[in-house]
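> File data_12.txt follows (compact mmCIF, N, CA and C atoms):
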# COMPACT_ATOMS: atom_id res chain seq x y z
N MET A 658 4.57 -3.74 12.33
CA MET A 658 5.62 -3.60 13.31
C MET A 658 5.35 -2.33 14.12
N LEU A 659 5.35 -2.43 15.44
CA LEU A 659 5.14 -1.29 16.31
C LEU A 659 6.43 -0.96 17.03
N PHE A 660 6.69 0.33 17.24
CA PHE A 660 7.90 0.77 17.90
C PHE A 660 7.55 1.59 19.12
N ARG A 661 8.37 1.48 20.15
CA ARG A 661 8.18 2.26 21.36
C ARG A 661 9.27 3.33 21.40
N THR A 662 8.84 4.58 21.55
CA THR A 662 9.77 5.71 21.62
C THR A 662 9.36 6.57 22.80
N GLY A 663 10.20 6.64 23.80
CA GLY A 663 9.89 7.48 24.96
C GLY A 663 8.54 7.17 25.58
N GLY A 664 8.17 5.91 25.61
CA GLY A 664 6.91 5.53 26.22
C GLY A 664 5.72 5.56 25.26
N LEU A 665 5.89 6.15 24.06
CA LEU A 665 4.81 6.20 23.09
C LEU A 665 4.90 5.02 22.14
N LEU A 666 3.76 4.45 21.80
CA LEU A 666 3.72 3.34 20.87
C LEU A 666 3.42 3.89 19.48
N LEU A 667 4.34 3.73 18.54
CA LEU A 667 4.18 4.23 17.18
C LEU A 667 3.80 3.10 16.24
N ARG A 668 3.14 3.45 15.17
CA ARG A 668 2.74 2.45 14.18
C ARG A 668 3.95 1.94 13.42
N HIS A 669 4.69 2.85 12.81
CA HIS A 669 5.93 2.54 12.10
C HIS A 669 6.87 3.71 12.38
N ARG A 670 8.10 3.61 11.96
CA ARG A 670 9.03 4.73 12.14
C ARG A 670 8.72 5.88 11.19
N PHE A 671 7.81 5.67 10.28
CA PHE A 671 7.42 6.67 9.30
C PHE A 671 5.90 6.65 9.18
N SER A 672 5.34 7.66 8.57
CA SER A 672 3.89 7.73 8.37
C SER A 672 3.49 6.94 7.13
N VAL A 673 2.25 6.48 7.13
CA VAL A 673 1.70 5.76 5.98
C VAL A 673 0.42 6.46 5.54
N ALA A 674 0.37 6.80 4.24
CA ALA A 674 -0.83 7.39 3.65
C ALA A 674 -1.25 6.51 2.48
N ILE A 675 -2.53 6.21 2.41
CA ILE A 675 -3.04 5.37 1.33
C ILE A 675 -3.95 6.23 0.46
N ILE A 676 -3.68 6.23 -0.85
CA ILE A 676 -4.52 6.92 -1.82
C ILE A 676 -5.26 5.84 -2.59
N VAL A 677 -6.58 5.86 -2.53
CA VAL A 677 -7.38 4.77 -3.08
C VAL A 677 -8.55 5.34 -3.90
N ASP A 678 -8.81 4.74 -5.04
CA ASP A 678 -9.99 5.07 -5.84
C ASP A 678 -9.98 4.21 -7.09
N VAL A 679 -10.94 4.43 -7.95
CA VAL A 679 -11.01 3.70 -9.21
C VAL A 679 -10.04 4.35 -10.20
N PRO A 680 -9.61 3.62 -11.23
CA PRO A 680 -8.67 4.18 -12.20
C PRO A 680 -9.26 5.40 -12.93
N GLY A 681 -8.39 6.36 -13.18
CA GLY A 681 -8.77 7.50 -14.01
C GLY A 681 -9.45 8.67 -13.34
N VAL A 682 -9.50 8.67 -12.00
CA VAL A 682 -10.20 9.77 -11.33
C VAL A 682 -9.27 10.79 -10.67
N GLY A 683 -7.96 10.55 -10.73
CA GLY A 683 -7.04 11.55 -10.21
C GLY A 683 -6.11 11.11 -9.10
N LYS A 684 -5.94 9.80 -8.90
CA LYS A 684 -5.02 9.33 -7.86
C LYS A 684 -3.61 9.84 -8.11
N SER A 685 -3.13 9.70 -9.33
CA SER A 685 -1.76 10.13 -9.65
C SER A 685 -1.59 11.62 -9.45
N THR A 686 -2.59 12.40 -9.82
CA THR A 686 -2.53 13.85 -9.63
C THR A 686 -2.45 14.17 -8.14
N LEU A 687 -3.27 13.51 -7.33
CA LEU A 687 -3.24 13.73 -5.89
C LEU A 687 -1.91 13.31 -5.28
N ILE A 688 -1.36 12.21 -5.75
CA ILE A 688 -0.07 11.75 -5.25
C ILE A 688 1.02 12.76 -5.61
N ASP A 689 1.03 13.24 -6.86
CA ASP A 689 2.04 14.23 -7.26
C ASP A 689 1.94 15.50 -6.42
N LEU A 690 0.73 16.00 -6.20
CA LEU A 690 0.52 17.19 -5.39
C LEU A 690 0.99 16.95 -3.95
N SER A 691 0.64 15.79 -3.42
CA SER A 691 1.05 15.45 -2.04
C SER A 691 2.57 15.39 -1.92
N ARG A 692 3.22 14.82 -2.90
CA ARG A 692 4.69 14.72 -2.88
C ARG A 692 5.34 16.10 -2.89
N ARG A 693 4.81 16.99 -3.70
CA ARG A 693 5.35 18.36 -3.75
C ARG A 693 5.20 19.04 -2.39
N ARG A 694 4.02 18.92 -1.81
CA ARG A 694 3.77 19.56 -0.51
C ARG A 694 4.63 18.95 0.59
N LEU A 695 4.78 17.64 0.57
CA LEU A 695 5.63 16.98 1.56
C LEU A 695 7.08 17.45 1.42
N SER A 696 7.57 17.53 0.20
CA SER A 696 8.94 17.97 -0.05
C SER A 696 9.14 19.41 0.44
N GLU A 697 8.18 20.28 0.16
CA GLU A 697 8.26 21.67 0.61
C GLU A 697 8.31 21.77 2.13
N ALA A 698 7.67 20.82 2.80
CA ALA A 698 7.63 20.82 4.27
C ALA A 698 8.81 20.06 4.88
N GLY A 699 9.73 19.56 4.04
CA GLY A 699 10.92 18.89 4.54
C GLY A 699 10.76 17.40 4.79
N TYR A 700 9.72 16.81 4.23
CA TYR A 700 9.50 15.37 4.38
C TYR A 700 10.08 14.62 3.19
N ARG A 701 10.47 13.39 3.44
CA ARG A 701 10.91 12.48 2.39
C ARG A 701 9.78 11.48 2.16
N ASP A 702 9.54 11.10 0.91
CA ASP A 702 8.45 10.16 0.65
C ASP A 702 8.89 9.05 -0.29
N VAL A 703 8.16 7.97 -0.20
CA VAL A 703 8.30 6.83 -1.11
C VAL A 703 6.90 6.48 -1.55
N VAL A 704 6.70 6.32 -2.86
CA VAL A 704 5.41 5.91 -3.40
C VAL A 704 5.52 4.47 -3.87
N LEU A 705 4.63 3.63 -3.35
CA LEU A 705 4.60 2.22 -3.75
C LEU A 705 3.18 1.87 -4.19
N ASN A 706 3.09 0.98 -5.16
CA ASN A 706 1.81 0.54 -5.68
C ASN A 706 1.49 -0.84 -5.11
N TYR A 707 0.35 -0.95 -4.47
CA TYR A 707 -0.03 -2.21 -3.83
C TYR A 707 -0.13 -3.36 -4.84
N GLY A 708 -0.69 -3.09 -6.02
CA GLY A 708 -0.80 -4.13 -7.05
C GLY A 708 0.55 -4.66 -7.49
N ASP A 709 1.56 -3.77 -7.53
CA ASP A 709 2.91 -4.22 -7.88
C ASP A 709 3.43 -5.21 -6.85
N TYR A 710 3.11 -4.97 -5.58
CA TYR A 710 3.59 -5.87 -4.52
C TYR A 710 2.81 -7.18 -4.51
N MET A 711 1.54 -7.13 -4.86
CA MET A 711 0.80 -8.39 -5.02
C MET A 711 1.42 -9.20 -6.15
N LEU A 712 1.76 -8.54 -7.26
CA LEU A 712 2.41 -9.23 -8.37
C LEU A 712 3.74 -9.82 -7.95
N LYS A 713 4.53 -9.03 -7.24
CA LYS A 713 5.84 -9.49 -6.77
C LYS A 713 5.69 -10.73 -5.89
N ARG A 714 4.76 -10.67 -4.96
CA ARG A 714 4.53 -11.79 -4.04
C ARG A 714 4.06 -13.04 -4.78
N LEU A 715 3.02 -12.90 -5.59
CA LEU A 715 2.41 -14.05 -6.26
C LEU A 715 3.29 -14.62 -7.37
N SER A 716 4.04 -13.75 -8.05
CA SER A 716 4.94 -14.27 -9.09
C SER A 716 6.12 -15.01 -8.46
N SER A 717 6.54 -14.60 -7.26
CA SER A 717 7.62 -15.31 -6.57
C SER A 717 7.19 -16.72 -6.17
N LEU A 718 5.89 -16.92 -6.04
CA LEU A 718 5.34 -18.24 -5.72
C LEU A 718 4.99 -19.03 -6.98
N GLY A 719 5.21 -18.42 -8.14
CA GLY A 719 4.92 -19.08 -9.41
C GLY A 719 3.44 -19.14 -9.74
N LEU A 720 2.63 -18.27 -9.14
CA LEU A 720 1.18 -18.33 -9.34
C LEU A 720 0.68 -17.43 -10.45
N VAL A 721 1.44 -16.38 -10.82
CA VAL A 721 1.01 -15.45 -11.86
C VAL A 721 2.21 -15.02 -12.70
N ARG A 722 1.90 -14.50 -13.90
CA ARG A 722 2.93 -13.94 -14.77
C ARG A 722 2.79 -12.42 -14.90
N ASP A 723 1.55 -11.92 -14.79
CA ASP A 723 1.31 -10.49 -14.91
C ASP A 723 0.17 -10.08 -13.98
N ARG A 724 -0.06 -8.77 -13.90
CA ARG A 724 -1.07 -8.26 -12.95
C ARG A 724 -2.47 -8.76 -13.27
N ASP A 725 -2.78 -8.93 -14.53
CA ASP A 725 -4.12 -9.38 -14.89
C ASP A 725 -4.38 -10.79 -14.37
N ASP A 726 -3.33 -11.61 -14.26
CA ASP A 726 -3.48 -12.96 -13.72
C ASP A 726 -3.94 -12.95 -12.27
N ILE A 727 -3.60 -11.90 -11.53
CA ILE A 727 -3.93 -11.85 -10.10
C ILE A 727 -5.42 -11.94 -9.88
N ARG A 728 -6.17 -11.12 -10.61
CA ARG A 728 -7.62 -11.07 -10.39
C ARG A 728 -8.33 -12.35 -10.80
N LYS A 729 -7.64 -13.20 -11.56
CA LYS A 729 -8.22 -14.46 -12.02
C LYS A 729 -7.97 -15.61 -11.03
N LEU A 730 -7.11 -15.37 -10.04
CA LEU A 730 -6.84 -16.40 -9.03
C LEU A 730 -8.05 -16.58 -8.13
N PRO A 731 -8.18 -17.74 -7.54
CA PRO A 731 -9.24 -17.91 -6.53
C PRO A 731 -9.07 -16.88 -5.41
N ILE A 732 -10.18 -16.37 -4.93
CA ILE A 732 -10.15 -15.33 -3.89
C ILE A 732 -9.35 -15.80 -2.68
N ARG A 733 -9.46 -17.06 -2.32
CA ARG A 733 -8.73 -17.60 -1.17
C ARG A 733 -7.23 -17.35 -1.31
N ILE A 734 -6.69 -17.58 -2.49
CA ILE A 734 -5.24 -17.39 -2.71
C ILE A 734 -4.90 -15.90 -2.63
N GLN A 735 -5.76 -15.06 -3.20
CA GLN A 735 -5.51 -13.62 -3.13
C GLN A 735 -5.47 -13.15 -1.67
N VAL A 736 -6.48 -13.54 -0.91
CA VAL A 736 -6.58 -13.13 0.49
C VAL A 736 -5.39 -13.64 1.30
N GLU A 737 -4.98 -14.87 1.05
CA GLU A 737 -3.85 -15.45 1.78
C GLU A 737 -2.55 -14.69 1.56
N ASN A 738 -2.44 -13.98 0.47
CA ASN A 738 -1.18 -13.29 0.13
C ASN A 738 -1.24 -11.78 0.30
N GLN A 739 -2.40 -11.21 0.54
CA GLN A 739 -2.53 -9.76 0.64
C GLN A 739 -1.75 -9.16 1.81
N ALA A 740 -1.84 -9.75 2.98
CA ALA A 740 -1.13 -9.20 4.14
C ALA A 740 0.38 -9.29 3.95
N GLU A 741 0.85 -10.37 3.34
CA GLU A 741 2.29 -10.50 3.11
C GLU A 741 2.77 -9.43 2.14
N ALA A 742 1.99 -9.12 1.12
CA ALA A 742 2.35 -8.04 0.20
C ALA A 742 2.45 -6.71 0.95
N ALA A 743 1.54 -6.47 1.88
CA ALA A 743 1.58 -5.24 2.69
C ALA A 743 2.83 -5.21 3.56
N ARG A 744 3.18 -6.34 4.18
CA ARG A 744 4.40 -6.40 5.00
C ARG A 744 5.65 -6.13 4.15
N MET A 745 5.65 -6.64 2.93
CA MET A 745 6.78 -6.38 2.02
C MET A 745 6.91 -4.89 1.73
N MET A 746 5.79 -4.21 1.57
CA MET A 746 5.81 -2.76 1.31
C MET A 746 6.40 -2.01 2.50
N ILE A 747 5.96 -2.36 3.70
CA ILE A 747 6.47 -1.69 4.91
C ILE A 747 7.97 -1.94 5.04
N GLU A 748 8.40 -3.16 4.79
CA GLU A 748 9.82 -3.48 4.88
C GLU A 748 10.64 -2.68 3.87
N ASP A 749 10.18 -2.64 2.62
CA ASP A 749 10.91 -1.89 1.60
C ASP A 749 10.94 -0.39 1.91
N ALA A 750 9.82 0.15 2.34
CA ALA A 750 9.78 1.58 2.67
C ALA A 750 10.71 1.88 3.84
N GLY A 751 10.78 0.96 4.80
CA GLY A 751 11.64 1.15 5.97
C GLY A 751 13.12 1.26 5.62
N LYS A 752 13.52 0.73 4.49
CA LYS A 752 14.91 0.83 4.05
C LYS A 752 15.25 2.27 3.62
N GLU A 753 14.23 3.03 3.22
CA GLU A 753 14.46 4.40 2.76
C GLU A 753 13.94 5.46 3.72
N LEU A 754 12.95 5.11 4.53
CA LEU A 754 12.32 6.07 5.43
C LEU A 754 12.59 5.64 6.87
N SER A 755 13.56 6.25 7.48
CA SER A 755 13.98 5.77 8.79
C SER A 755 13.46 6.59 9.96
N ASP A 756 12.73 7.67 9.70
CA ASP A 756 12.28 8.49 10.83
C ASP A 756 10.91 9.11 10.59
N SER A 757 10.48 9.94 11.53
CA SER A 757 9.15 10.53 11.47
C SER A 757 9.01 11.57 10.36
N LYS A 758 10.10 11.93 9.69
CA LYS A 758 10.02 12.85 8.56
C LYS A 758 9.90 12.09 7.24
N GLY A 759 9.47 10.86 7.33
CA GLY A 759 9.27 10.03 6.15
C GLY A 759 7.82 9.64 6.00
N VAL A 760 7.36 9.55 4.75
CA VAL A 760 5.98 9.17 4.48
C VAL A 760 5.95 8.14 3.36
N LEU A 761 5.34 7.02 3.63
CA LEU A 761 5.06 6.01 2.61
C LEU A 761 3.69 6.33 2.04
N ILE A 762 3.64 6.56 0.73
CA ILE A 762 2.37 6.79 0.04
C ILE A 762 2.07 5.53 -0.75
N ILE A 763 0.91 4.95 -0.48
CA ILE A 763 0.50 3.72 -1.16
C ILE A 763 -0.61 4.03 -2.14
N ASP A 764 -0.40 3.65 -3.38
CA ASP A 764 -1.36 3.82 -4.46
C ASP A 764 -2.07 2.48 -4.66
N THR A 765 -3.39 2.49 -4.56
CA THR A 765 -4.13 1.24 -4.76
C THR A 765 -5.52 1.53 -5.32
N HIS A 766 -6.12 0.50 -5.88
CA HIS A 766 -7.46 0.64 -6.44
C HIS A 766 -8.52 0.40 -5.37
N LEU A 767 -9.64 1.07 -5.52
CA LEU A 767 -10.75 0.92 -4.59
C LEU A 767 -11.40 -0.46 -4.73
N LEU A 768 -11.58 -0.87 -5.97
CA LEU A 768 -12.23 -2.15 -6.26
C LEU A 768 -11.42 -2.92 -7.29
N ILE A 769 -11.44 -4.24 -7.16
CA ILE A 769 -10.77 -5.12 -8.10
C ILE A 769 -11.81 -6.07 -8.69
N ARG A 770 -11.90 -6.11 -10.01
CA ARG A 770 -12.84 -7.02 -10.66
C ARG A 770 -12.23 -8.42 -10.68
N THR A 771 -12.89 -9.37 -10.07
CA THR A 771 -12.41 -10.75 -10.01
C THR A 771 -13.41 -11.66 -10.72
N THR A 772 -13.11 -12.93 -10.75
CA THR A 772 -14.01 -13.89 -11.40
C THR A 772 -15.31 -14.07 -10.62
N THR A 773 -15.33 -13.65 -9.35
CA THR A 773 -16.54 -13.79 -8.54
C THR A 773 -17.21 -12.46 -8.24
N GLY A 774 -16.81 -11.41 -8.95
CA GLY A 774 -17.40 -10.09 -8.73
C GLY A 774 -16.34 -9.09 -8.29
N TYR A 775 -16.79 -7.96 -7.78
CA TYR A 775 -15.86 -6.91 -7.34
C TYR A 775 -15.49 -7.12 -5.87
N TRP A 776 -14.20 -7.00 -5.59
CA TRP A 776 -13.69 -7.14 -4.24
C TRP A 776 -12.94 -5.87 -3.86
N PRO A 777 -12.86 -5.54 -2.57
CA PRO A 777 -12.16 -4.32 -2.16
C PRO A 777 -10.67 -4.38 -2.48
N GLY A 778 -10.14 -3.28 -2.98
CA GLY A 778 -8.72 -3.18 -3.25
C GLY A 778 -7.90 -2.99 -1.99
N LEU A 779 -8.57 -2.56 -0.93
CA LEU A 779 -7.91 -2.36 0.36
C LEU A 779 -8.74 -3.04 1.45
N PRO A 780 -8.63 -4.36 1.55
CA PRO A 780 -9.39 -5.09 2.57
C PRO A 780 -8.94 -4.69 3.99
N LEU A 781 -9.81 -4.89 4.94
CA LEU A 781 -9.54 -4.50 6.32
C LEU A 781 -8.24 -5.11 6.84
N HIS A 782 -8.00 -6.39 6.59
CA HIS A 782 -6.79 -7.02 7.13
C HIS A 782 -5.53 -6.41 6.53
N VAL A 783 -5.60 -5.88 5.32
CA VAL A 783 -4.45 -5.20 4.72
C VAL A 783 -4.25 -3.83 5.38
N ALA A 784 -5.34 -3.09 5.56
CA ALA A 784 -5.24 -1.80 6.24
C ALA A 784 -4.69 -1.97 7.65
N GLN A 785 -5.08 -3.03 8.34
CA GLN A 785 -4.57 -3.27 9.68
C GLN A 785 -3.08 -3.56 9.66
N GLU A 786 -2.60 -4.18 8.62
CA GLU A 786 -1.17 -4.46 8.48
C GLU A 786 -0.39 -3.17 8.17
N LEU A 787 -0.96 -2.34 7.31
CA LEU A 787 -0.29 -1.10 6.90
C LEU A 787 -0.34 -0.01 7.97
N LYS A 788 -1.37 -0.01 8.79
CA LYS A 788 -1.54 0.96 9.88
C LYS A 788 -1.42 2.41 9.38
N PRO A 789 -2.26 2.81 8.43
CA PRO A 789 -2.14 4.16 7.88
C PRO A 789 -2.60 5.24 8.85
N GLU A 790 -1.97 6.39 8.75
CA GLU A 790 -2.45 7.57 9.46
C GLU A 790 -3.53 8.26 8.63
N THR A 791 -3.45 8.07 7.30
CA THR A 791 -4.36 8.74 6.38
C THR A 791 -4.78 7.78 5.29
N ILE A 792 -6.08 7.81 4.96
CA ILE A 792 -6.59 7.13 3.78
C ILE A 792 -7.37 8.18 3.01
N ALA A 793 -6.95 8.44 1.76
CA ALA A 793 -7.61 9.46 0.94
C ALA A 793 -8.28 8.79 -0.24
N ILE A 794 -9.54 9.19 -0.48
CA ILE A 794 -10.26 8.76 -1.67
C ILE A 794 -10.38 9.99 -2.54
N THR A 795 -9.88 9.90 -3.79
CA THR A 795 -9.86 11.08 -4.66
C THR A 795 -11.24 11.46 -5.15
Would you put the structure from the file into structure tokens?

Amino acid sequence: MLFRTGGLLLRHRFSVAIIVDVPGVGKSTLIDLSRRRLSEAGYRDVVLNYGDYMLKRLSSLGLVRDRDDIRKLPIRIQVENQAEAARMMIEDAGKELSDSKGVLIIDTHLLIRTTTGYWPGLPLHVAQELKPETIAIT
């Protein structure tokens, strides 16, 4: 969703930052540090996990029961639902972050092991939907 304010075209009413990497390398530590710094600077933040939203989306369709089931789905089904999961995140964040002093921090994995090999945790079409100002790899 794009917004026009005083002639300027904005990505969202709030900023989006994506923290991406493999498990166990410090994503949570970076997110915690970022949240402290944002709070000190007067910003409000919401942290959402992309995998949680994929689970929410796919379980609502009756396709999975848990997160591990997601990676076992055919890639076509995963890809078909990835952008909708991103839109759900933006919508939910928008309920709490209504202005430019808000930051949505998205926690996601760099790679996902699937039945056909490793696939990107943040595919291009998802990044285009999220429209991040920042993507950090820990």
> Find the axis-aligned box for range 778-783 of chain A, covering all its listed atoms and adding 3 Å on each side, and write its centre and edge lengths in Å to one decimal as JSON.

{"center_x": -7.2, "center_y": -4.7, "center_z": 1.9, "size_x": 11.9, "size_y": 10.7, "size_z": 16.4}
> Go through A:Asn706, A:Ala740, A:Glu753, A:Leu767 and flag the residue nearest Leu787 in chain A, using only C-alpha atoms for the distances.
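The shortest atom-to-atom distance to Leu787 in chain A comes from A:Ala740.
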> Can you list every residue in chain A that DSSP puts in alpha helix (DSSP H), as a ChimeraX atom specification?
/A:684-697,707-717,724-729,732-753,781-787
> Nearest residue to Asn738 in chain A out of A:Ala674, A:Leu687, A:Leu715, A:Val682, using all atoms listed in the file?
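Smallest distance to Asn738 in chain A is found for A:Leu715.
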> Quick one: distance from atom N of Glu790 in chain A to atom N of Ser672 in chain A in Å, one decimal?
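One can read the atom N of Glu790 in chain A to atom N of Ser672 in chain A distance as 7.4 Å.
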> Please, what distance in Å, to one decimal, runs between CA of Ile734 in chain A and CA of Leu712 in chain A?
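So the two atoms, CA of Ile734 in chain A and CA of Leu712 in chain A, lie 12.5 Å apart.
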> Compare A:Ile792, A:Leu690, A:Met711, A:Leu779 by their minimum atom-to-atom distance to Ala743 in chain A, counting all atoms listed in the file, and give me the closest one.
A:Met711
> Can you pull out every residue within 7 Å of range 754-756 of chain A, counting all atoms listed in the file, but drop anything in the same chain fewer than 6 positions away, and send it as a ChimeraX atom specification?
/A:669-672,701
> Using Å and a single decimal, report how far atom C of Tyr775 in chain A sits from atom N of Gly681 in chain A.
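We find that atom N of Gly681 in chain A and atom C of Tyr775 in chain A lie 16.9 Å from each other.
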> Determine, counting only N, CA and C atoms, which protein, DNA and RNA residues have an atom within 6.5 Å of an atom of Arg744 in chain A; residues of the same chain fewer than 5 positions away are not included. Present the result as a PyMOL selection string.
chain A and resi 739+749+786
